[in-house]
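Below is one structure, written out as structure tokens, with a few remarks after it.
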Amino acid sequence: MGGTQELSRSGILLTGTSRAFGCPSKYIQGPGEFLNVFKYGSRFGNRFLFLIDSGVYDIILEKIESVEDKCGCSYEVMSFLGECCMENVAELAEAARKFDSNVLVGIGGGKVLDIAKLLADETDMSRIIVPTSASSDAPAADWAAVYTREGVHISGRPTRRSTELVLVDSEIIVNAPARLFSAGIGDALATWFEAKACLDACTPNCIGPYRSCRVGTAVSRECYNILREDGLSALRAVKAHIVTPAVENVIEANILLSGLGFINGGLAGSHGFHNGFSNIPGCKKYLHGEVVAFGLICQLCLENAAPAEINDLLQFLHDSDLPVTLEQIGIECSEENLETIVEHTLNHNILIHHEPVPVNKKILKAAIIDADKLGRDFMENLGK
Ligand SMILES: [Zn+2]
């Protein structure tokens, strides 16, 4: 470990100058690319285990069976539905060992992909990650969000080995619900603002106690640029289930740049507030990226960003079908809810302490109320 860190009341502050960058070994994206899974994967082994999200099991199995040339590889298939918890990792590992597989292919949404990362670590299999939507920054991050079996978030955990290949089939992505794509935009939009906060506050990225390399910063900024240039036209195309150049760009932003951006740039207020909001039961039916999107507005209020910048983002979020008020993430702006949110944001996760401004309960509460008021005023002006 080349960096040094110091745990203080205000979080983890970097005291060294070491910088670090991490990424998957390879990323391939394009229409129909999933059908090359055996061709690409046979470089790593010849006994495949497909771990498939139960929601897309039939359609994916059909695609696997349709591949004529399997490059001499055998395969087993397992369906998964559940939490990314260590008990499930242990159970899946026991089943996987019986197959004696050497290539694990995780296919589906964030939880399946995260558990596939941990399972590959546990069983020492090569790992291919195949997201079936562009809904979050999970696929390209060598990092897993670990929960209890009941679904309570415990921690983020870096994986021991890097993903050998992230394989993205843009035809599969545009056939997923558009809401997932919007949520991915929300998650990815926060990437640059959080990386910048970590940079300004001198707080660590997600690799360890390190600063971001310049490449990590550049990736985070480019993620934002792509979304602003192509986000809305891409979303329009996804609603029509067509792959356009804008769609390809935004898939790359939502999956690759957002994933690399958060691992290398670091997380801060947007995800910190998200972790606080997720303790309110009404919020649970909203997607990760939807909640992060409103968390971004709170982060900007906390940082005293220029009103014109916040208004511009409110418009973009609204145009992307993303929430701009507490109500739109299922949370009533009551004293009790605010107390729960700020308690968890401040004291149960480190991310808010990556902000370059002082934080305490009063300050956080004010930022949330301010963000909600801005969002409500914005909606009122729209006449909604
Ligand atoms: Zn995220």
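Residue numbers start at 1 in each chain; chains themselves are named A, B, ... in the order of the structure tokens; ligands are numbered from 1 in the order shown.
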*What residues have any atom no more than 9 Å from ligand 1 when counting only C-alpha atoms and all ligand atoms, and can you list them as a PyMOL selection string?*
chain A and resi 136-138+184+186-188+190-191+258-259+262+267+270-271+274+288-289+292
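Within 7 Å of A:Trp143, once only C-alpha atoms are used and residues closer than 5 positions along the same chain are dropped, the contacting residues are Gly156, Arg157, Pro158 and Thr159 of chain A.
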With only C-alpha atoms counted and 7 Å as the cut-off, give the residues of stretch 251-294 of chain A in contact with stretch 310-328 of chain A, each with its shortest interatomic distance in Å and the pair that gives it, as CSV.
```
residue,atom,partner,partner_atom,distance
A:Glu290,CA,A:Leu322,CA,5.9
A:Ala293,CA,A:Pro323,CA,6.8
A:Phe294,CA,A:Val324,CA,5.5
```
Got time to write the residues from that selection, N, CA, C and O atoms, as a PDB file, in the first residue's frame?
```pdb
ATOM      1  N   GLU A 290     -31.866   6.491  -9.668  1.00  0.00           N
ATOM      2  CA  GLU A 290     -32.889   7.516  -9.462  1.00  0.00           C
ATOM      3  C   GLU A 290     -32.638   8.251  -8.146  1.00  0.00           C
ATOM      4  O   GLU A 290     -32.736   9.481  -8.070  1.00  0.00           O
ATOM      5  N   ALA A 293     -29.601  10.455  -8.342  1.00  0.00           N
ATOM      6  CA  ALA A 293     -29.864  11.689  -9.090  1.00  0.00           C
ATOM      7  C   ALA A 293     -30.339  12.796  -8.153  1.00  0.00           C
ATOM      8  O   ALA A 293     -29.846  13.930  -8.220  1.00  0.00           O
ATOM      9  N   PHE A 294     -31.271  12.467  -7.256  1.00  0.00           N
ATOM     10  CA  PHE A 294     -31.703  13.505  -6.311  1.00  0.00           C
ATOM     11  C   PHE A 294     -30.586  13.799  -5.303  1.00  0.00           C
ATOM     12  O   PHE A 294     -30.415  14.945  -4.860  1.00  0.00           O
TER      13      PHE A 294
END
```
Which residues are near A:Ala366? Cut-off 10 Å, only C-alpha atoms, ignore same chain within fewer than 3 positions. Put them as a PDB file with C-alpha atoms, in the first residue's frame.
```
ATOM      1  CA  CYS A 298     -28.453  17.724  -2.481  1.00  0.00           C
ATOM      2  CA  CYS A 301     -26.780  22.527  -2.494  1.00  0.00           C
ATOM      3  CA  LEU A 302     -24.344  21.361   0.178  1.00  0.00           C
ATOM      4  CA  LEU A 338     -35.104  14.040   7.726  1.00  0.00           C
ATOM      5  CA  LYS A 361     -26.663  17.199  10.936  1.00  0.00           C
ATOM      6  CA  LYS A 362     -27.896  20.761  10.631  1.00  0.00           C
ATOM      7  CA  ILE A 363     -25.928  21.410   7.437  1.00  0.00           C
ATOM      8  CA  ILE A 369     -34.573  20.870   2.349  1.00  0.00           C
ATOM      9  CA  ASP A 370     -32.949  23.350  -0.060  1.00  0.00           C
ATOM     10  CA  ALA A 371     -32.670  20.728  -2.831  1.00  0.00           C
ATOM     11  CA  ASP A 372     -36.270  19.627  -2.345  1.00  0.00           C
TER      12      ASP A 372
END
```
*Select, from A:Cys85, A:Leu260, A:Met125, A:Ile172, the residue with the minimum atom-to-atom distance to A:Glu150, counting only C-alpha atoms.*
A:Cys85
*Surrounding residues of A:Leu92 excluding itself and chain neighbours under 5 positions, 10 Å, only C-alpha atoms, as a PyMOL selection string*: chain A and resi 51+78+80+86-87+97+115-116+119+122-123
_Residues within 9 Å of A:Ile280, please, as a list in words. Count only C-alpha atoms; anything in the same chain fewer than 4 positions from it doesn't count._
Gly276, Lys284, Gly330, Ile331, Asn337, Thr340 and Ile341 of chain A
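Shortest atom-to-atom contact with A:Cys333 among A:Leu374, A:Met379, A:Val168, A:Ile368: A:Ile368, counting only C-alpha atoms.
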*Looking only at alpha helix (DSSP H) from DSSP on the backbone, list the matching residues of stretch 72-207 of chain A as a PyMOL selection string.*
chain A and resi 86-99+110-123+170-174+178-201
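Among the candidates A:Ile263, A:Ile185, A:Leu256, A:Leu13, the residue lying nearest to A:Thr217 is A:Ile263 (atoms considered: only C-alpha atoms).
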*asked:* Set the distance at 12 Å and use only C-alpha atoms: which residues neighbour A:Glu33 once local chain neighbours fewer than 4 positions away are removed? I'd like the list as a count of residues only.
replied: 21
_Give me, as a VMD selection string, all polymer residues having an atom no more than 8 Å from A:Ser212, counting only C-alpha atoms and skipping those fewer than 2 positions away in the same chain._
chain A and resid 19 to 21 199 204 to 205 210 214 to 217 264 to 266
*DSSP on the backbone: what in stretch 119-260 of chain A comes out strand (DSSP E or B), as a ChimeraX atom specification?*
/A:126-131,143-147,153-158,165-169,211-212
*Give me, please, the distance in Å between atom CA of A:Lys26 and atom CA of A:Phe44, quoted to one decimal.*
12.5 Å
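We find atom CA of A:Lys196 and atom CA of A:Asp230 to be spaced 21.8 Å apart.
Counting only C-alpha atoms, the residue from A:Ser133, A:Ser42, A:Asn360, A:Asn249 that sits nearest to A:Val105 is A:Ser42.
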_A:Cys84, A:Ile129, A:Ala176, A:Leu232 ranked by distance to A:Ile107, top pick (using only C-alpha atoms)_ = A:Ile129
